[in-house]
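Next comes data.txt, with compact mmCIF, C-alpha atoms and all ligand atoms.
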```txt
# COMPACT_ATOMS: atom_id res chain seq x y z
CA MET T 1 0.00 0.00 0.00
CA SER T 2 1.41 3.43 -0.82
CA ASP T 3 2.00 5.97 1.99
CA TRP T 4 -0.74 8.37 0.96
CA VAL T 5 -3.30 5.54 0.82
CA ASP T 6 -2.27 4.43 4.31
CA VAL T 7 -2.42 7.94 5.81
CA GLN T 8 -5.43 9.41 4.00
CA LEU T 9 -7.59 6.31 3.62
CA ARG T 10 -6.74 3.30 5.78
CA ARG T 11 -6.11 5.28 8.97
CA ARG T 12 -9.40 7.15 8.41
CA GLY T 13 -11.47 3.99 8.30
CA ILE T 14 -11.34 2.66 4.74
CA THR T 15 -10.99 -1.08 5.38
CA ASP T 16 -11.92 -2.76 2.07
CA GLU T 17 -8.60 -4.16 0.85
CA ARG T 18 -9.74 -4.19 -2.78
CA VAL T 19 -10.51 -0.46 -2.57
CA LEU T 20 -7.16 0.32 -0.91
CA ASP T 21 -5.39 -1.76 -3.56
CA ALA T 22 -7.23 -0.03 -6.43
CA MET T 23 -6.42 3.41 -5.00
CA THR T 24 -2.76 2.34 -4.78
CA ARG T 25 -2.71 1.06 -8.35
CA VAL T 26 -4.56 3.81 -10.27
CA PRO T 27 -2.16 6.78 -10.59
CA ARG T 28 -4.18 9.90 -9.77
CA GLU T 29 -1.49 12.07 -11.39
CA LEU T 30 -2.61 10.80 -14.80
CA PHE T 31 -6.05 12.34 -14.20
CA VAL T 32 -5.24 15.76 -12.75
CA PRO T 33 -4.50 18.71 -15.06
CA PRO T 34 -0.75 19.30 -15.66
CA GLU T 35 -0.68 22.45 -13.49
CA SER T 36 -1.91 20.48 -10.44
CA ARG T 37 0.30 17.44 -10.92
CA GLU T 38 2.41 18.02 -7.79
CA LEU T 39 -0.84 18.12 -5.76
CA ALA T 40 -2.09 14.80 -7.15
CA TYR T 41 -1.75 12.96 -3.81
CA ASP T 42 -2.97 15.78 -1.57
CA ASP T 43 -6.08 15.16 0.49
CA ALA T 44 -8.12 17.59 -1.57
CA ALA T 45 -10.45 18.01 -4.50
CA LEU T 46 -8.65 19.63 -7.48
CA ARG T 47 -9.83 21.92 -10.23
CA LEU T 48 -10.73 20.61 -13.67
CA PRO T 49 -11.56 22.83 -16.67
CA PHE T 50 -15.12 24.26 -17.02
CA GLY T 51 -15.47 24.90 -13.27
CA GLN T 52 -15.56 21.18 -12.46
CA THR T 53 -13.54 19.25 -9.86
CA ILE T 54 -11.87 15.88 -9.42
CA SER T 55 -13.21 14.64 -6.08
CA GLN T 56 -11.17 14.32 -2.89
CA PRO T 57 -9.60 10.81 -2.73
CA TYR T 58 -11.12 10.04 0.69
CA VAL T 59 -14.64 10.80 -0.58
CA VAL T 60 -14.07 8.61 -3.65
CA ALA T 61 -12.84 5.80 -1.35
CA VAL T 62 -15.96 6.09 0.84
CA LEU T 63 -18.14 5.88 -2.28
CA LEU T 64 -16.24 2.87 -3.64
CA GLN T 65 -16.29 1.02 -0.32
CA ALA T 66 -20.06 1.50 0.02
CA LEU T 67 -20.65 -0.09 -3.39
CA ARG T 68 -19.08 -3.38 -2.14
CA LEU T 69 -17.88 -4.37 -5.59
CA THR T 70 -16.59 -7.93 -5.99
CA GLY T 71 -15.24 -7.76 -9.55
CA ALA T 72 -18.20 -9.10 -11.53
CA GLU T 73 -20.39 -5.98 -11.70
CA ARG T 74 -21.51 -3.82 -14.61
CA VAL T 75 -21.27 -0.24 -13.35
CA LEU T 76 -22.69 3.13 -14.43
CA ASP T 77 -20.58 6.18 -13.53
CA VAL T 78 -22.31 9.57 -13.84
CA GLY T 79 -20.12 12.68 -14.15
CA THR T 80 -16.91 11.35 -15.75
CA GLY T 81 -14.93 14.56 -15.18
CA SER T 82 -11.27 13.51 -15.32
CA GLY T 83 -12.13 9.81 -15.52
CA TYR T 84 -10.44 9.07 -12.15
CA GLN T 85 -13.50 7.59 -10.44
CA ALA T 86 -14.33 5.62 -13.60
CA ALA T 87 -10.77 4.21 -13.60
CA LEU T 88 -11.14 3.03 -10.01
CA LEU T 89 -14.55 1.51 -10.73
CA ARG T 90 -13.10 -0.35 -13.71
CA THR T 91 -10.30 -1.69 -11.53
CA LEU T 92 -12.90 -3.00 -9.05
CA ALA T 93 -15.61 -4.31 -11.41
CA ALA T 94 -16.13 -6.02 -14.77
CA GLY T 95 -17.23 -3.11 -16.93
CA VAL T 96 -17.91 0.61 -16.69
CA VAL T 97 -20.08 2.97 -18.73
CA SER T 98 -19.40 6.58 -17.76
CA VAL T 99 -21.47 9.62 -18.83
CA GLU T 100 -20.24 13.23 -18.96
CA ARG T 101 -22.28 16.22 -20.20
CA ILE T 102 -19.28 18.37 -21.22
CA ALA T 103 -17.87 16.88 -24.43
CA ALA T 104 -14.37 18.37 -23.98
CA LEU T 105 -14.06 16.75 -20.55
CA ALA T 106 -15.15 13.40 -22.03
CA VAL T 107 -12.42 13.68 -24.69
CA GLN T 108 -9.74 14.38 -22.05
CA ALA T 109 -11.10 11.60 -19.79
CA ARG T 110 -10.81 9.06 -22.62
CA ALA T 111 -7.17 10.08 -23.10
CA ASN T 112 -6.51 9.85 -19.34
CA LEU T 113 -8.10 6.40 -19.16
CA ALA T 114 -6.08 5.20 -22.16
CA ALA T 115 -2.88 6.47 -20.50
CA ALA T 116 -3.80 4.43 -17.41
CA GLY T 117 -4.34 1.31 -19.57
CA LEU T 118 -8.10 1.40 -19.03
CA ALA T 119 -9.31 2.28 -22.51
CA ASP T 120 -12.20 -0.17 -22.27
CA VAL T 121 -14.11 2.22 -20.00
CA GLU T 122 -16.86 3.52 -22.26
CA VAL T 123 -17.20 7.31 -21.97
CA LEU T 124 -20.44 8.73 -23.38
CA VAL T 125 -21.49 12.37 -23.76
CA GLY T 126 -24.97 13.20 -22.51
CA ASP T 127 -27.21 13.87 -19.53
CA GLY T 128 -26.28 11.18 -17.03
CA SER T 129 -29.30 11.95 -14.84
CA LEU T 130 -31.22 9.98 -17.47
CA GLY T 131 -28.91 7.00 -17.02
CA VAL T 132 -28.18 4.90 -20.09
CA PRO T 133 -31.45 3.01 -20.68
CA GLY T 134 -30.01 0.95 -23.52
CA ARG T 135 -27.34 -0.52 -21.25
CA ALA T 136 -29.39 -1.00 -18.07
CA PRO T 137 -29.69 -2.64 -15.61
CA PHE T 138 -26.50 -1.80 -13.71
CA ASP T 139 -25.28 -3.71 -10.64
CA ALA T 140 -23.86 -0.49 -9.24
CA ILE T 141 -24.24 3.23 -9.98
CA ALA T 142 -21.81 5.92 -8.83
CA VAL T 143 -22.67 9.61 -9.24
CA ALA T 144 -20.19 12.48 -8.81
CA ALA T 145 -22.49 15.50 -9.08
CA ALA T 146 -25.16 16.56 -6.58
CA ALA T 147 -28.90 16.47 -7.31
CA PRO T 148 -31.76 17.87 -5.19
CA SER T 149 -33.27 14.36 -5.05
CA ILE T 150 -32.48 10.86 -6.36
CA PRO T 151 -33.05 10.87 -10.15
CA ARG T 152 -35.80 8.35 -10.88
CA PRO T 153 -34.22 6.97 -14.10
CA LEU T 154 -31.15 5.96 -12.09
CA LEU T 155 -33.30 4.12 -9.53
CA GLU T 156 -35.10 2.36 -12.36
CA GLN T 157 -31.83 1.30 -14.00
CA LEU T 158 -30.39 -0.27 -10.85
CA ALA T 159 -30.47 -4.09 -10.94
CA PRO T 160 -32.30 -5.93 -8.13
CA GLY T 161 -29.85 -6.08 -5.21
CA GLY T 162 -27.80 -3.30 -6.80
CA ARG T 163 -26.22 -0.43 -4.89
CA MET T 164 -26.04 3.25 -5.83
CA VAL T 165 -23.98 6.00 -4.20
CA LEU T 166 -24.75 9.62 -5.03
CA PRO T 167 -24.62 13.10 -3.55
CA VAL T 168 -28.08 14.41 -2.71
CA ARG T 169 -27.82 18.11 -1.83
CA ASP T 170 -24.94 18.21 0.68
CA ARG T 171 -24.71 14.53 1.66
CA LEU T 172 -23.26 11.47 0.00
CA VAL T 173 -25.87 8.72 0.32
CA LEU T 174 -26.08 4.99 -0.33
CA VAL T 175 -29.23 3.57 -1.93
CA SER T 176 -29.69 -0.16 -1.40
CA GLY T 177 -33.14 -1.65 -2.00
CA SER T 178 -35.59 0.73 -0.33
CA LYS T 179 -32.98 1.93 2.18
CA VAL T 180 -31.20 5.28 1.88
CA THR T 181 -28.27 5.82 4.29
CA THR T 182 -26.08 8.90 4.69
CA LEU T 183 -22.37 8.10 4.28
CA LEU T 184 -20.96 11.57 4.97
CA PRO T 185 -21.59 15.25 4.43
CA ALA T 186 -19.89 16.32 1.18
CA ARG T 187 -19.92 19.16 -1.31
CA PHE T 188 -20.09 18.21 -4.99
CA VAL T 189 -20.58 20.24 -8.15
CA PRO T 190 -24.25 20.31 -9.24
CA LEU T 191 -25.76 17.63 -11.46
CA VAL T 192 -26.98 19.69 -14.40
CA VAL T 193 -30.06 18.16 -15.95
CA GLY T 194 -31.58 18.61 -19.37
CA PHE T 195 -28.51 19.50 -21.42
CA PRO T 196 -27.38 18.29 -23.87
CA PRO T 197 -30.97 17.42 -24.80
CA ARG T 198 -30.24 14.02 -26.21
CA GLU T 199 -29.46 10.44 -25.29
CA PRO T 200 -25.83 9.70 -24.35
CA SER T 201 -23.71 8.96 -27.41
CA THR T 202 -20.06 8.37 -28.21
N1 LIG A 301 -15.89 11.61 -11.20
C1 LIG A 301 -15.15 12.78 -11.60
C2 LIG A 301 -15.63 14.01 -10.85
C3 LIG A 301 -16.04 15.08 -11.79
S1 LIG A 301 -16.98 16.41 -11.12
C4 LIG A 301 -13.67 12.55 -11.47
O1 LIG A 301 -13.27 11.50 -10.93
O2 LIG A 301 -12.89 13.38 -11.94
C5 LIG A 301 -18.61 16.01 -11.71
C6 LIG A 301 -18.77 15.95 -13.19
O3 LIG A 301 -20.16 15.74 -13.43
C7 LIG A 301 -18.39 17.21 -13.96
O4 LIG A 301 -17.43 16.88 -14.92
C8 LIG A 301 -19.71 17.66 -14.61
O5 LIG A 301 -19.52 18.23 -15.90
C9 LIG A 301 -20.48 16.36 -14.66
N2 LIG A 301 -21.93 16.49 -14.76
C10 LIG A 301 -22.74 17.41 -14.17
N3 LIG A 301 -24.03 17.16 -14.49
C11 LIG A 301 -24.02 16.06 -15.32
C12 LIG A 301 -25.04 15.32 -15.99
N4 LIG A 301 -26.34 15.62 -15.89
N5 LIG A 301 -24.67 14.26 -16.74
C13 LIG A 301 -23.37 13.91 -16.86
N6 LIG A 301 -22.35 14.58 -16.25
C14 LIG A 301 -22.69 15.64 -15.48
```
Reformat the file's structure so that it appears as structure tokens.
Amino acid sequence: MSDWVDVQLRRRGITDERVLDAMTRVPRELFVPPESRELAYDDAALRLPFGQTISQPYVVAVLLQALRLTGAERVLDVGTGSGYQAALLRTLAAGVVSVERIAALAVQARANLAAAGLADVEVLVGDGSLGVPGRAPFDAIAVAAAAPSIPRPLLEQLAPGGRMVLPVRDRLVLVSGSKVTTLLPARFVPLVVGFPPREPST
């Protein structure tokens, strides 16, 4: 386990060895913009273009641990951003479809994922609050942008027994069956609905 994973994650209560191993193996520096590269292992969210952010590693680890991935799952990732969370999900599951509404971020995320050797993550451009109906159901759904309430299409696209983690207003919550549990208070960029007004596409 690398030092930063030990200090920032394990000692703060992340216990899932697969998550700790994935966070050790996926190099965050490949996903942060060049000007922030020396901050890649800081315990902080970092700026992406277009006013977006790459989430704080600890918050991503909490999200990943709550999903309890075993390696066999088909996962939907909403809000690709840099592609970092999608890369971790791919390391922990069988397949990842990730949706980003800003096309230029999707282009950069594909390049980042390819540099990390994870080019089979499918990055689509569209409104991820609609999910990806053509690819549903998903065993797990991870959302990186905050909505005022749980988007119904995402609930509908979750497989029976599936788990979803998403920020609702100022809390990161886990949805499992009919249960909604708060994982931690967290600030995320807003989930912007309704644009682009079309189904996710490549
Ligand atoms: N998971 C990302 C975090 C990116 S921040 C990472 O690891 O880097 C959240 C992202 O969600 C932003 O890139 C933003 O453009 C995107 N987003 C906001 N609303 C969206 C929507 N409705 N559909 C898809 N992406 C959305």
Using only C-alpha atoms and all ligand atoms, which residues of the polymer chains come no farther than 6 Å from ligand LIG 301 (chain A)? I'd like the answer as number ranges by chain. T: 52-55, 78-85, 99-102, 126-129, 144-145, 189-193
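Considering the residues T:Gly71, T:Arg169, T:Val123, T:Ala22 and counting only C-alpha atoms, Ala111 of chain T has its shortest atom-to-atom contact with T:Val123.
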- Gly131 of chain T surroundings by all atoms listed in the file, 9 Å radius, close-in-sequence under 3 positions cut, as a count of residues only: 14
With distances taken over all atoms listed in the file, the candidate from T:Arg68, T:Arg110, T:Arg11, T:Arg152 nearest Leu130 of chain T is T:Arg152
Between atom CA of Gly117 of chain T and atom CA of Asp21 of chain T lies a distance of 16.3 Å
As a check of understanding: the span from atom CA of Val19 of chain T to atom CA of Val107 of chain T is 26.3 Å
One residue among T:Leu48, T:Pro57, T:Ala40, T:Leu89 is nearest to Asp6 of chain T when using all atoms listed in the file, and that residue is T:Pro57
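Pairwise distance (atom CA of Leu124 of chain T, atom CA of Gln56 of chain T) equals 23.2 Å.
Nearest residue to Asp77 of chain T among T:Thr181, T:Thr91, T:Gln65, T:Ser98 is T:Ser98, counting only C-alpha atoms.
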The residue from T:Leu63, T:Gly177, T:Ala116, T:Trp4 with the smallest atom-to-atom distance to Leu39 of chain T, counting all atoms listed in the file, is T:Trp4
Worksheet item: Counting only C-alpha atoms, what is within 6 Å of Val96 of chain T, bar same-chain residues fewer than 4 positions away, as a PyMOL selection string?
Response: chain T and resi 75-76+90+121
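Nearest-residue note for Leu118 of chain T: choosing from T:Ser149, T:Val62, T:Ile141, T:Pro27, the minimum distance belongs to T:Pro27, counting only C-alpha atoms.
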With only C-alpha atoms as the counted atoms, please give the residues lying no more than 12 Å from Leu9 of chain T, apart from itself and same-chain residues fewer than 3 positions off, as a PyMOL selection string. chain T and resi 1-6+12-17+19-24+41-43+56-62+64-65
